[in-house]
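Student: Take a look at upload.txt, compact mmCIF, C-alpha atoms and all ligand atoms:
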```txt
# COMPACT_ATOMS: atom_id res chain seq x y z
CA MET A 581 10.03 -54.91 33.38
CA THR A 582 11.53 -55.44 36.78
CA ALA A 583 9.78 -56.10 40.07
CA VAL A 584 11.15 -55.43 43.50
CA LYS A 585 10.75 -57.52 46.63
CA ILE A 586 11.06 -55.48 49.80
CA THR A 587 11.78 -57.03 53.17
CA PRO A 588 10.20 -54.81 55.82
CA THR A 589 12.66 -52.83 57.89
CA LYS A 590 12.71 -49.44 59.57
CA LEU A 591 14.36 -46.69 57.56
CA LYS A 592 17.03 -44.67 59.31
CA GLY A 593 19.32 -41.91 58.12
CA ILE A 594 19.57 -38.64 56.27
CA VAL A 595 18.10 -38.10 52.83
CA GLN A 596 18.80 -35.19 50.52
CA VAL A 597 15.40 -34.35 49.06
CA PRO A 598 15.58 -34.27 45.22
CA PRO A 599 14.93 -31.03 43.33
CA SER A 600 11.34 -30.00 42.67
CA LYS A 601 10.13 -31.40 39.37
CA SER A 602 7.47 -28.70 39.10
CA LEU A 603 9.95 -25.88 39.65
CA ALA A 604 12.52 -27.46 37.32
CA HIS A 605 9.97 -27.65 34.46
CA ARG A 606 9.13 -23.99 35.04
CA ALA A 607 12.71 -22.76 35.29
CA ILE A 608 13.75 -24.62 32.12
CA ILE A 609 10.81 -23.14 30.23
CA CYS A 610 11.26 -19.56 31.47
CA ALA A 611 15.02 -19.64 30.79
CA SER A 612 14.33 -21.03 27.32
CA LEU A 613 11.92 -18.18 26.58
CA ALA A 614 14.48 -15.51 27.60
CA LYS A 615 16.66 -13.95 24.95
CA GLY A 616 19.88 -14.63 26.88
CA VAL A 617 21.83 -17.25 28.79
CA SER A 618 20.69 -18.67 32.15
CA ARG A 619 22.14 -21.33 34.43
CA ILE A 620 19.73 -23.66 36.22
CA ASP A 621 21.28 -25.47 39.17
CA ASN A 622 20.17 -28.58 41.06
CA ILE A 623 18.76 -30.51 38.13
CA GLU A 624 17.86 -34.19 38.35
CA TYR A 625 17.34 -35.89 35.00
CA SER A 626 14.01 -37.59 35.64
CA LYS A 627 12.14 -38.69 32.52
CA ASP A 628 9.70 -35.79 32.89
CA ILE A 629 12.46 -33.21 33.09
CA GLN A 630 14.29 -34.77 30.15
CA ALA A 631 11.06 -34.48 28.17
CA THR A 632 10.79 -30.75 28.85
CA ILE A 633 14.46 -30.18 27.96
CA LYS A 634 13.99 -32.01 24.66
CA ALA A 635 10.73 -30.21 23.97
CA MET A 636 12.36 -26.79 24.27
CA LYS A 637 15.29 -27.98 22.11
CA SER A 638 12.81 -29.01 19.44
CA LEU A 639 11.68 -25.37 19.28
CA GLY A 640 15.31 -24.27 18.77
CA THR A 641 16.52 -23.56 22.34
CA LYS A 642 20.18 -24.36 23.01
CA ILE A 643 20.48 -26.37 26.22
CA GLU A 644 23.77 -27.78 27.50
CA GLU A 645 23.37 -30.55 30.08
CA PHE A 646 25.94 -30.96 32.86
CA GLU A 647 25.91 -33.40 35.78
CA ASN A 648 23.48 -31.40 37.87
CA TYR A 649 22.99 -28.11 36.08
CA LEU A 650 21.91 -26.71 32.74
CA ILE A 651 23.10 -23.79 30.65
CA ILE A 652 20.17 -22.51 28.61
CA ASP A 653 20.45 -20.06 25.75
CA GLY A 654 17.01 -18.90 24.66
CA THR A 655 18.14 -16.59 21.86
CA THR A 656 17.35 -19.23 19.22
CA THR A 657 14.00 -20.39 20.67
CA PHE A 658 11.22 -20.42 18.03
CA THR A 659 13.70 -20.72 15.17
CA LYS A 660 12.63 -24.33 14.45
CA GLN A 661 9.25 -25.31 13.03
CA ASN A 662 7.69 -28.71 12.34
CA SER A 663 8.48 -29.71 15.89
CA GLU A 664 8.18 -33.27 17.16
CA ILE A 665 7.64 -33.23 20.91
CA ASP A 666 7.85 -36.47 22.88
CA CYS A 667 6.28 -35.78 26.28
CA GLU A 668 7.03 -39.28 27.61
CA GLU A 669 4.39 -39.55 30.39
CA SER A 670 4.62 -35.97 31.56
CA GLY A 671 1.30 -34.14 31.81
CA SER A 672 3.18 -30.97 32.73
CA THR A 673 5.37 -31.10 29.62
CA LEU A 674 2.36 -31.69 27.39
CA ARG A 675 0.06 -29.06 28.83
CA PHE A 676 2.81 -26.45 29.21
CA MET A 677 4.25 -27.03 25.74
CA ILE A 678 1.02 -26.99 23.74
CA PRO A 679 0.48 -23.21 24.02
CA ILE A 680 4.22 -22.43 24.06
CA SER A 681 4.85 -24.40 20.87
CA ILE A 682 2.39 -22.22 18.92
CA VAL A 683 3.52 -18.80 20.16
CA GLU A 684 4.88 -18.56 16.61
CA GLU A 685 3.17 -20.20 13.62
CA ASN A 686 4.10 -23.89 13.86
CA LYS A 687 3.11 -27.43 13.05
CA VAL A 688 3.73 -29.60 16.07
CA HIS A 689 3.38 -33.33 16.61
CA PHE A 690 2.97 -34.39 20.25
CA VAL A 691 3.58 -38.00 21.23
CA GLY A 692 3.91 -39.72 24.58
CA ARG A 693 3.16 -42.95 26.35
CA GLY A 694 1.48 -44.60 29.30
CA ASN A 695 -1.71 -42.94 30.41
CA LEU A 696 -0.83 -39.56 28.91
CA GLY A 697 -3.08 -39.94 25.86
CA LYS A 698 -6.04 -40.52 28.17
CA ARG A 699 -5.52 -37.45 30.33
CA PRO A 700 -7.85 -34.54 29.47
CA LEU A 701 -6.95 -31.98 26.80
CA ASP A 702 -10.46 -30.75 25.92
CA THR A 703 -9.76 -27.32 27.38
CA PHE A 704 -7.12 -26.81 24.68
CA TYR A 705 -9.27 -28.36 21.94
CA GLU A 706 -11.96 -25.76 22.72
CA ILE A 707 -9.37 -22.99 22.31
CA PHE A 708 -8.23 -24.50 18.98
CA GLU A 709 -11.84 -24.52 17.72
CA ARG A 710 -12.42 -20.93 18.77
CA GLN A 711 -9.14 -19.65 17.29
CA ASN A 712 -9.19 -21.74 14.11
CA ILE A 713 -6.06 -23.61 15.08
CA GLY A 714 -5.87 -26.94 13.25
CA TYR A 715 -5.62 -30.11 15.35
CA MET A 716 -5.97 -33.82 14.93
CA TYR A 717 -5.65 -36.51 17.58
CA LYS A 718 -6.13 -40.18 18.27
CA LYS A 719 -8.27 -41.35 21.13
CA ASP A 720 -6.50 -42.73 24.20
CA VAL A 721 -2.93 -42.61 22.81
CA LEU A 722 -1.02 -39.38 22.61
CA ASP A 723 -0.66 -38.65 18.92
CA LEU A 724 -1.70 -35.03 18.48
CA TYR A 725 -0.99 -32.62 15.63
CA VAL A 726 -1.45 -28.88 16.20
CA ILE A 727 -1.10 -26.42 13.31
CA GLY A 728 -1.39 -22.66 13.70
CA LYS A 729 -0.62 -19.80 16.04
CA LEU A 730 -2.01 -18.83 19.44
CA LYS A 731 -3.85 -15.50 19.60
CA PRO A 732 -4.46 -12.92 22.32
CA ASP A 733 -7.96 -13.61 23.65
CA HIS A 734 -10.37 -13.72 26.54
CA TYR A 735 -9.74 -17.31 27.63
CA ILE A 736 -12.38 -19.11 29.67
CA ILE A 737 -10.82 -22.04 31.54
CA PRO A 738 -12.30 -24.40 34.14
CA GLY A 739 -10.41 -24.38 37.45
CA ASN A 740 -11.20 -27.94 38.44
CA ILE A 741 -9.67 -30.16 35.72
CA SER A 742 -5.99 -29.31 35.61
CA SER A 743 -4.11 -26.19 36.62
CA GLN A 744 -1.56 -27.16 33.97
CA PHE A 745 -3.73 -25.59 31.23
CA ILE A 746 -3.53 -22.25 33.02
CA THR A 747 0.21 -22.55 33.62
CA GLY A 748 0.79 -23.32 29.93
CA LEU A 749 -1.18 -20.24 28.89
CA LEU A 750 0.55 -18.05 31.49
CA PHE A 751 3.91 -18.98 29.91
CA ALA A 752 2.81 -18.33 26.32
CA LEU A 753 0.49 -15.31 26.45
CA PRO A 754 3.06 -12.67 27.56
CA LEU A 755 4.90 -13.29 24.26
CA LEU A 756 1.90 -12.54 22.01
CA LYS A 757 1.41 -9.20 20.29
CA GLY A 758 -1.76 -8.31 22.24
CA ASP A 759 -3.20 -8.53 25.77
CA SER A 760 -5.18 -11.50 27.12
CA ILE A 761 -7.37 -12.40 30.06
CA ILE A 762 -7.67 -15.89 31.52
CA GLU A 763 -10.99 -16.21 33.32
CA ILE A 764 -11.35 -19.18 35.66
CA THR A 765 -14.90 -20.51 35.75
CA SER A 766 -14.82 -22.61 38.92
CA THR A 767 -12.87 -22.61 42.15
CA LEU A 768 -9.23 -23.11 41.29
CA GLU A 769 -7.82 -26.46 42.41
CA SER A 770 -4.08 -27.23 42.55
CA LYS A 771 -3.71 -23.49 43.26
CA GLY A 772 -0.22 -23.92 44.72
CA TYR A 773 1.02 -24.85 41.25
CA ILE A 774 -0.26 -21.54 39.86
CA ASP A 775 1.62 -19.78 42.66
CA LEU A 776 4.79 -21.57 41.53
CA THR A 777 4.16 -20.43 37.95
CA LEU A 778 3.55 -16.81 38.97
CA GLN A 779 6.61 -16.81 41.22
CA MET A 780 8.82 -18.20 38.44
CA LEU A 781 7.42 -15.80 35.82
CA SER A 782 8.12 -12.85 38.08
CA GLN A 783 11.75 -14.01 38.56
CA TYR A 784 12.13 -14.01 34.77
CA GLY A 785 10.71 -10.49 34.46
CA ILE A 786 7.11 -11.30 33.41
CA LYS A 787 4.22 -9.40 34.99
CA ILE A 788 0.79 -10.98 35.46
CA ILE A 789 -2.16 -9.39 37.27
CA ASN A 790 -3.81 -11.98 39.52
CA ASN A 791 -7.41 -11.08 40.41
CA ASP A 792 -7.73 -13.43 43.37
CA TYR A 793 -7.29 -16.53 41.13
CA LYS A 794 -10.62 -15.72 39.43
CA SER A 795 -8.92 -14.14 36.46
CA PHE A 796 -5.41 -13.32 35.27
CA VAL A 797 -4.60 -10.33 33.10
CA VAL A 798 -1.61 -10.97 30.83
CA MET A 799 -0.21 -8.06 28.87
CA GLY A 800 1.31 -9.03 25.54
CA ASN A 801 4.66 -7.86 24.11
CA GLN A 802 6.57 -8.79 27.28
CA GLU A 803 10.12 -10.12 27.32
CA TYR A 804 11.51 -12.86 29.53
CA GLN A 805 14.82 -11.83 31.15
CA ALA A 806 17.60 -14.44 31.49
CA HIS A 807 18.12 -15.38 35.15
CA ASP A 808 20.23 -17.91 37.07
CA TYR A 809 18.19 -20.11 39.35
CA ARG A 810 18.69 -22.99 41.78
CA VAL A 811 15.80 -25.46 41.94
CA GLU A 812 14.59 -25.94 45.52
CA ALA A 813 13.87 -29.35 47.05
CA ASP A 814 10.65 -31.12 46.16
CA PHE A 815 7.86 -31.31 48.76
CA SER A 816 6.01 -33.90 46.64
CA GLN A 817 9.00 -36.27 47.02
CA ALA A 818 9.73 -35.15 50.57
CA ALA A 819 6.20 -36.32 51.43
CA PHE A 820 7.36 -39.96 51.18
CA TYR A 821 9.95 -39.44 53.91
CA LEU A 822 7.76 -37.11 55.99
CA VAL A 823 5.12 -39.86 56.11
CA ALA A 824 7.86 -42.45 56.74
CA GLY A 825 8.83 -40.49 59.86
CA ALA A 826 5.23 -40.14 61.02
CA ILE A 827 4.72 -43.93 60.85
CA GLY A 828 7.81 -44.76 62.90
CA ASN A 829 10.89 -44.48 60.69
CA ASP A 830 13.84 -42.28 61.63
CA VAL A 831 14.55 -40.08 58.61
CA VAL A 832 16.04 -36.59 58.47
CA LEU A 833 15.25 -34.60 55.31
CA THR A 834 17.76 -32.00 54.17
CA ASP A 835 17.41 -29.02 51.83
CA LEU A 836 13.67 -28.30 52.34
CA ASN A 837 12.61 -24.66 52.10
CA LEU A 838 9.94 -24.19 54.74
CA ASN A 839 8.93 -20.89 53.08
CA SER A 840 8.30 -22.65 49.78
CA LEU A 841 5.09 -21.96 47.86
CA GLN A 842 4.82 -25.64 46.89
CA GLY A 843 1.29 -26.80 47.69
CA ASP A 844 2.57 -30.24 48.74
CA LYS A 845 4.10 -28.56 51.79
CA ALA A 846 0.58 -29.22 53.14
CA THR A 847 1.87 -32.73 53.98
CA LEU A 848 3.42 -31.16 57.10
CA SER A 849 0.13 -29.68 58.34
CA ILE A 850 -1.79 -32.88 57.53
CA LEU A 851 0.66 -34.96 59.56
CA GLU A 852 0.57 -32.42 62.38
CA ALA A 853 -3.23 -32.60 62.44
CA MET A 854 -2.82 -36.36 62.93
CA GLY A 855 -0.62 -35.82 65.95
CA ALA A 856 2.82 -36.17 64.33
CA LYS A 857 5.59 -33.80 65.43
CA ILE A 858 7.66 -31.76 62.99
CA ASN A 859 11.13 -31.31 64.43
CA VAL A 860 13.70 -28.90 63.07
CA VAL A 861 17.02 -30.66 63.77
CA SER A 862 20.56 -29.55 62.96
CA ASP A 863 20.66 -31.37 59.61
CA GLY A 864 17.12 -30.58 58.47
CA ILE A 865 13.56 -31.68 59.24
CA LYS A 866 12.50 -34.85 61.00
CA VAL A 867 8.93 -36.01 61.56
CA THR A 868 8.09 -38.29 64.45
CA GLY A 869 4.76 -39.89 65.19
CA GLU A 870 3.08 -42.22 67.64
CA ASN A 871 -0.58 -43.14 67.91
CA LEU A 872 -1.59 -41.05 64.90
CA SER A 873 -5.25 -40.07 64.86
CA ALA A 874 -7.68 -39.99 61.94
CA THR A 875 -8.37 -36.76 60.07
CA GLN A 876 -10.07 -35.36 56.99
CA VAL A 877 -7.82 -34.43 54.06
CA ASP A 878 -8.90 -32.18 51.18
CA ALA A 879 -7.10 -33.57 48.10
CA SER A 880 -8.01 -30.74 45.75
CA GLN A 881 -4.94 -28.60 46.45
CA CYS A 882 -2.29 -31.30 46.93
CA PRO A 883 -3.26 -34.25 44.73
CA ASP A 884 0.23 -35.73 44.29
CA VAL A 885 0.83 -36.48 47.98
CA ILE A 886 -2.50 -38.24 48.57
CA PRO A 887 -1.27 -41.80 47.86
CA VAL A 888 1.49 -41.56 50.47
CA VAL A 889 -0.57 -39.50 52.93
CA SER A 890 -3.13 -42.32 52.72
CA VAL A 891 -0.49 -44.68 54.14
CA ALA A 892 -0.41 -42.59 57.33
CA LEU A 893 -4.23 -42.40 57.39
CA ALA A 894 -4.45 -46.17 56.94
CA LEU A 895 -2.34 -46.64 60.09
CA ALA A 896 -4.08 -43.95 62.21
CA GLN A 897 -6.65 -44.65 64.90
CA GLY A 898 -10.20 -44.05 63.67
CA LYS A 899 -11.90 -43.28 60.40
CA SER A 900 -10.30 -40.78 58.03
CA GLU A 901 -11.63 -39.28 54.86
CA VAL A 902 -9.89 -38.01 51.75
CA ILE A 903 -12.34 -35.62 50.07
CA ASN A 904 -12.43 -33.69 46.76
CA ALA A 905 -10.14 -36.24 45.16
CA LYS A 906 -11.66 -36.44 41.68
CA ARG A 907 -8.53 -35.21 39.89
CA LEU A 908 -6.61 -38.22 41.28
CA ARG A 909 -8.40 -40.34 38.70
CA ILE A 910 -6.73 -38.48 35.80
CA LYS A 911 -3.07 -38.80 36.73
CA GLU A 912 -0.56 -41.48 35.60
CA CYS A 913 -3.22 -43.97 36.67
CA ASP A 914 -6.50 -43.74 38.53
CA ARG A 915 -4.86 -43.02 41.87
CA ILE A 916 -8.08 -43.52 43.85
CA ILE A 917 -8.36 -47.09 42.58
CA ALA A 918 -4.62 -47.71 42.88
CA THR A 919 -4.29 -46.31 46.41
CA SER A 920 -7.36 -48.04 47.80
CA SER A 921 -6.78 -51.41 46.14
CA GLN A 922 -3.07 -51.59 46.96
CA LEU A 923 -3.41 -50.50 50.58
CA ASN A 924 -6.13 -53.13 50.93
CA GLU A 925 -3.78 -55.69 49.34
CA LEU A 926 -1.36 -54.90 52.17
CA GLY A 927 -4.07 -55.39 54.80
CA GLY A 928 -5.44 -51.86 55.04
CA SER A 929 -9.12 -50.92 55.10
CA VAL A 930 -9.86 -48.35 52.41
CA VAL A 931 -13.18 -47.78 50.65
CA GLU A 932 -13.18 -46.10 47.25
CA LEU A 933 -16.01 -43.63 46.55
CA SER A 934 -16.54 -41.55 43.42
CA ASP A 935 -14.38 -38.60 44.46
CA SER A 936 -13.23 -39.62 47.91
CA MET A 937 -11.86 -42.44 50.04
CA THR A 938 -12.85 -43.57 53.52
CA ILE A 939 -9.96 -45.06 55.42
CA ARG A 940 -10.26 -47.03 58.67
CA GLY A 941 -6.96 -47.29 60.48
CA VAL A 942 -5.35 -50.68 61.13
CA SER A 943 -2.51 -51.22 63.60
CA GLU A 944 -0.11 -52.86 61.11
CA PHE A 945 -0.05 -53.90 57.47
CA VAL A 946 0.59 -57.49 56.49
CA GLY A 947 2.32 -57.53 53.10
CA GLY A 948 1.54 -58.89 49.68
CA ASN A 949 1.95 -58.87 45.96
CA CYS A 950 1.25 -55.34 44.73
CA SER A 951 0.91 -53.45 41.50
CA SER A 952 2.46 -50.03 41.01
CA PHE A 953 -0.08 -49.42 38.23
CA ALA A 954 3.07 -48.23 36.38
CA ASP A 955 2.77 -45.05 38.46
CA HIS A 956 5.84 -43.67 40.24
CA ARG A 957 3.87 -42.27 43.17
CA ILE A 958 2.09 -45.58 43.79
CA ALA A 959 5.37 -47.56 43.70
CA MET A 960 7.03 -45.14 46.13
CA MET A 961 4.05 -45.06 48.52
CA LEU A 962 4.08 -48.89 48.62
CA ALA A 963 7.77 -48.85 49.48
CA ILE A 964 7.04 -46.55 52.43
CA ALA A 965 4.02 -48.62 53.50
CA THR A 966 6.26 -51.73 53.56
CA THR A 967 8.13 -50.30 56.55
CA ARG A 968 4.99 -51.13 58.60
CA CYS A 969 4.34 -54.57 57.09
CA ASN A 970 5.19 -57.80 58.88
CA GLN A 971 5.72 -59.74 55.66
CA SER A 972 7.52 -58.90 52.45
CA VAL A 973 6.00 -56.87 49.63
CA ILE A 974 6.49 -57.32 45.90
CA ILE A 975 5.94 -54.28 43.66
CA ASP A 976 5.92 -54.64 39.88
CA ASN A 977 7.50 -52.21 37.41
CA MET A 978 10.00 -50.71 39.85
CA GLU A 979 11.53 -48.57 37.08
CA CYS A 980 8.40 -46.40 36.91
CA VAL A 981 9.96 -44.18 39.62
CA GLU A 982 12.23 -42.80 36.88
CA LYS A 983 9.37 -40.53 35.84
CA SER A 984 10.05 -38.19 38.74
CA TYR A 985 12.70 -39.66 41.07
CA PRO A 986 15.29 -41.86 39.31
CA SER A 987 17.41 -42.30 42.44
CA PHE A 988 14.51 -43.37 44.66
CA TRP A 989 15.60 -47.00 45.13
CA GLU A 990 19.20 -45.93 45.80
CA ASP A 991 18.02 -43.48 48.47
CA TYR A 992 15.68 -46.11 49.92
CA GLN A 993 18.59 -48.54 50.26
CA SER A 994 20.86 -45.87 51.69
CA LEU A 995 18.29 -45.51 54.50
CA GLY A 996 18.56 -49.24 55.19
CA GLY A 997 15.69 -50.40 52.95
CA ILE A 998 16.19 -54.05 51.92
CA ILE A 999 15.30 -54.70 48.29
CA ASP A 1000 15.77 -57.61 45.93
CA VAL A 1001 15.35 -56.97 42.24
CA ILE A 1002 13.35 -59.60 40.36
CA ASN A 1003 13.81 -59.62 36.60
CA MET A 1004 10.44 -60.64 35.20
CA GLU A 1005 11.90 -61.88 31.88
CA GLU A 1006 13.87 -64.65 33.59
O1 LIG A 1101 1.89 -27.70 37.49
C1 LIG A 1101 2.46 -28.69 37.96
O2 LIG A 1101 3.70 -28.75 38.10
C2 LIG A 1101 1.62 -29.83 38.40
C3 LIG A 1101 0.27 -29.66 38.64
C4 LIG A 1101 -0.60 -30.71 39.21
O3 LIG A 1101 -1.52 -31.13 38.21
P1 LIG A 1101 -3.06 -30.64 38.15
O4 LIG A 1101 -3.12 -29.18 38.12
O5 LIG A 1101 -3.55 -31.29 36.91
O6 LIG A 1101 -3.70 -31.20 39.41
C5 LIG A 1101 0.21 -31.90 39.72
O7 LIG A 1101 -0.64 -33.01 39.92
C6 LIG A 1101 1.32 -32.27 38.76
O8 LIG A 1101 2.06 -33.36 39.23
C7 LIG A 1101 2.29 -31.12 38.61
C1 LIG A 1102 0.83 -36.11 37.95
C2 LIG A 1102 2.13 -35.93 37.92
O1 LIG A 1102 2.83 -35.27 36.94
P1 LIG A 1102 2.34 -34.81 35.50
O2 LIG A 1102 0.93 -34.29 35.66
O3 LIG A 1102 3.29 -33.75 35.10
O4 LIG A 1102 2.40 -36.01 34.62
C3 LIG A 1102 2.97 -36.39 39.05
O5 LIG A 1102 4.18 -36.14 39.03
O6 LIG A 1102 2.45 -37.03 39.97
```
Here is a file; write its structure as structure tokens.
Tutor:
Amino acid sequence: MTAVKITPTKLKGIVQVPPSKSLAHRAIICASLAKGVSRIDNIEYSKDIQATIKAMKSLGTKIEEFENYLIIDGTTTFTKQNSEIDCEESGSTLRFMIPISIVEENKVHFVGRGNLGKRPLDTFYEIFERQNIGYMYKKDVLDLYVIGKLKPDHYIIPGNISSQFITGLLFALPLLKGDSIIEITSTLESKGYIDLTLQMLSQYGIKIINNDYKSFVVMGNQEYQAHDYRVEADFSQAAFYLVAGAIGNDVVLTDLNLNSLQGDKATLSILEAMGAKINVVSDGIKVTGENLSATQVDASQCPDVIPVVSVALALAQGKSEVINAKRLRIKECDRIIATSSQLNELGGSVVELSDSMTIRGVSEFVGGNCSSFADHRIAMMLAIATTRCNQSVIIDNMECVEKSYPSFWEDYQSLGGIIDVINMEE
């Protein structure tokens, strides 16, 4: 494991926002389910995306990997059984692939690492019980066997644990021989991710009836149509640089689609509510901010940006609140604990509550010896927070950014970030 020591400096320059991980997962899956050849452009080989590529290959899909694009031939998908699927640490890969992998009778072994074996899967276990699908798992480590075939059904799914269960079913159910309904039993959180799924499905020729996110009607016997697609830039990653701008750095972000359905686009409105300005400049988008003011942020629809948004809140005047943040506890780490403890380590003033955080703004951070909790979003938020520290910051496990953004440290340096790599084995 390698740590990084960052010497505080202001970031300045232009950054090309990496492709959306969420949209890349979806495009790879839809193209793999189409009986034809599709080209997916603007691919970055993060560990999560590599896991989804390998997962589809293990079901028989032919995927050719080029520097930044994929050629996917789905005509052979579902020709392989006894699949071994290594999800790495990707919750999306796991929860999308479970229903897809049993569209046809199959025996599948899911493995992974990090916190993945601790993240909830009960929603699927209940379906397995109801449909007599065999399953066996170990507690706390991902080592799950699933044996059987998914059936058309009236699915009852909670809306407040993970939208990824619903996305996984929405991918698989159109391919079954009968019609299904997915009924959502509580207000749907992470709704923007369902919008991304529905948008992608429609581009690949799949029709879903959305009854106001309370239920989804999915006709069976549908066929995915091959389709070329370019992955748009990622608002979850852009959030790091949008916040960087709001707290005094000078960063222009290129390639963002302001009409995107990505829920993490909410970062822009949160920063605006704090008094930051969103400027459309010739090269892209640039956020500027001075004297940010406190606000209340609802985490339920944009959980992934909360760690970095908390950096801006921790430097804003007054008392802010992050509410409805329960799902942050079931990500790569408990992101409520990680965000509050690490911002406090830097000199912030954050109080952790059961599903919320209260944040009192400070004028500057100090610095310190921090833990990434082996979570990419915590490591990256600490790197952005460092730009407002007056002493250096050490972050352990710098390679954890590879989960979603392998070129993060390169981009950080290209903006003038000063980093020293510390090899912990020495
Ligand atoms: O569907 C997706 O691409 C995702 C959904 C969200 O998860 P939840 O629905 O579990 O909040 C998000 O946190 C995750 O990073 C990606
Ligand atoms: C939680 C995340 O992803 P996943 O759920 O796919 O592991 C993330 O990227 O922050």
Student: With all atoms listed in the file counted, collect every polymer residue having an atom within 7 Å of ligand LIG 1102 (chain A); state the result as a list in words.
Tutor: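 Answer in the requested format: Glu669, Ser670, Gly671, Ser672, Thr673, Asp884, Lys911, Glu912, Arg957 and Ser984 of chain A.
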Student: Would you save the residues from that selection as a PDB file, in the coordinates of the input, using C-alpha atoms?
Tutor:
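This went into result.pdb:
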```pdb
ATOM      1  CA  GLU A 669       4.390 -39.550  30.390  1.00  0.00           C
ATOM      2  CA  SER A 670       4.620 -35.970  31.560  1.00  0.00           C
ATOM      3  CA  GLY A 671       1.300 -34.140  31.810  1.00  0.00           C
ATOM      4  CA  SER A 672       3.180 -30.970  32.730  1.00  0.00           C
ATOM      5  CA  THR A 673       5.370 -31.100  29.620  1.00  0.00           C
ATOM      6  CA  ASP A 884       0.230 -35.730  44.290  1.00  0.00           C
ATOM      7  CA  LYS A 911      -3.070 -38.800  36.730  1.00  0.00           C
ATOM      8  CA  GLU A 912      -0.560 -41.480  35.600  1.00  0.00           C
ATOM      9  CA  ARG A 957       3.870 -42.270  43.170  1.00  0.00           C
ATOM     10  CA  SER A 984      10.050 -38.190  38.740  1.00  0.00           C
TER      11      SER A 984
END
```
Student: Of the residues A:Lys615, A:Lys866, A:Lys637, A:Arg675, which is the one nearest to ligand LIG 1101 (chain A), using all atoms listed in the file?
Tutor: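 Between A:Lys615, A:Lys866, A:Lys637, A:Arg675, the residue approaching ligand LIG 1101 (chain A) most closely is A:Arg675.
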Student: Using all atoms listed in the file, which of the listed residues (A:Lys592, A:His605, A:Lys698, A:Arg940) sits closest to ligand LIG 1101 (chain A)?
Tutor: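 Going through A:Lys592, A:His605, A:Lys698, A:Arg940 one by one, the smallest distance to ligand LIG 1101 (chain A) is for A:His605.
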Student: List every protein, DNA or RNA residue that has an atom no more than 10 Å from (2.7, -12.9, 24.5) in the file's coordinate frame, counting all atoms listed in the file, and report them as a VMD selection string.
Tutor: chain A and resid 680 683 to 684 730 to 732 749 to 760 798 to 803
Student: Enter the distance from CA of Val823 in chain A to CA of Gly869 in chain A, in Å, rounded to one decimal.
Tutor: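 Answer for the CA of Val823 in chain A to CA of Gly869 in chain A separation: 9.1 Å.
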Student: Would you tabulate, counting only C-alpha atoms and all ligand atoms, all residues of chain A that have an atom at most 6 Å from an atom of ligand LIG 1101 (chain A), showing the closest pair of atoms and their distance in Å to one decimal, sorted by chain then ascending number, as a Markdown table?
Tutor:
```
| residue | atom | partner | partner_atom | distance |
| --- | --- | --- | --- | --- |
| A:Ser602 | CA | A:LIG1101 | O2 | 3.9 |
| A:Ser672 | CA | A:LIG1101 | C1 | 5.8 |
| A:Ser742 | CA | A:LIG1101 | O5 | 3.4 |
| A:Ser743 | CA | A:LIG1101 | O4 | 3.5 |
| A:Gln744 | CA | A:LIG1101 | O4 | 4.9 |
| A:Ser770 | CA | A:LIG1101 | O4 | 4.9 |
| A:Tyr773 | CA | A:LIG1101 | O1 | 4.8 |
| A:Pro883 | CA | A:LIG1101 | O7 | 5.6 |
| A:Asp884 | CA | A:LIG1101 | O7 | 5.2 |
```
Student: What is the distance between CA of Ser862 in chain A and CA of Thr834 in chain A, in Å to one decimal?
Tutor: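 Taking CA of Ser862 in chain A as the start and CA of Thr834 in chain A as the end point, the length is 9.5 Å.
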Student: Could the residues of range 719-791 of chain A that have an atom at most 9 Å from range 705-715 of chain A be listed as a tab-separated table, each with its closest atom pair and the distance in Å to one decimal, counting only C-alpha atoms and ordered by chain and ascending residue number?
Tutor:
```
residue	atom	partner	partner_atom	distance
A:Leu724	CA	A:Tyr715	CA	7.0
A:Tyr725	CA	A:Tyr715	CA	5.3
A:Val726	CA	A:Tyr715	CA	4.4
A:Ile727	CA	A:Gly714	CA	4.8
A:Gly728	CA	A:Ile713	CA	5.0
A:Lys729	CA	A:Ile713	CA	6.7
A:Leu730	CA	A:Gln711	CA	7.5
A:Lys731	CA	A:Gln711	CA	7.1
A:Asp733	CA	A:Gln711	CA	8.9
A:Tyr735	CA	A:Ile707	CA	7.8
A:Ile736	CA	A:Ile707	CA	8.8
```
Student: Just the selected residues (C-alpha atoms), exported as an mmCIF file, in the frame of the given file, please.
Tutor:
```
data_model
loop_
_atom_site.group_PDB
_atom_site.id
_atom_site.type_symbol
_atom_site.label_atom_id
_atom_site.label_comp_id
_atom_site.auth_asym_id
_atom_site.auth_seq_id
_atom_site.Cartn_x
_atom_site.Cartn_y
_atom_site.Cartn_z
ATOM 1 C CA LEU A 724 -1.700 -35.030 18.480
ATOM 2 C CA TYR A 725 -0.990 -32.620 15.630
ATOM 3 C CA VAL A 726 -1.450 -28.880 16.200
ATOM 4 C CA ILE A 727 -1.100 -26.420 13.310
ATOM 5 C CA GLY A 728 -1.390 -22.660 13.700
ATOM 6 C CA LYS A 729 -0.620 -19.800 16.040
ATOM 7 C CA LEU A 730 -2.010 -18.830 19.440
ATOM 8 C CA LYS A 731 -3.850 -15.500 19.600
ATOM 9 C CA ASP A 733 -7.960 -13.610 23.650
ATOM 10 C CA TYR A 735 -9.740 -17.310 27.630
ATOM 11 C CA ILE A 736 -12.380 -19.110 29.670
#
```
Student: Work out how far CA of Thr847 in chain A is from CA of Ile623 in chain A, in Å to one decimal.
Tutor: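 Distance reported for this atom pair: 23.3 Å.
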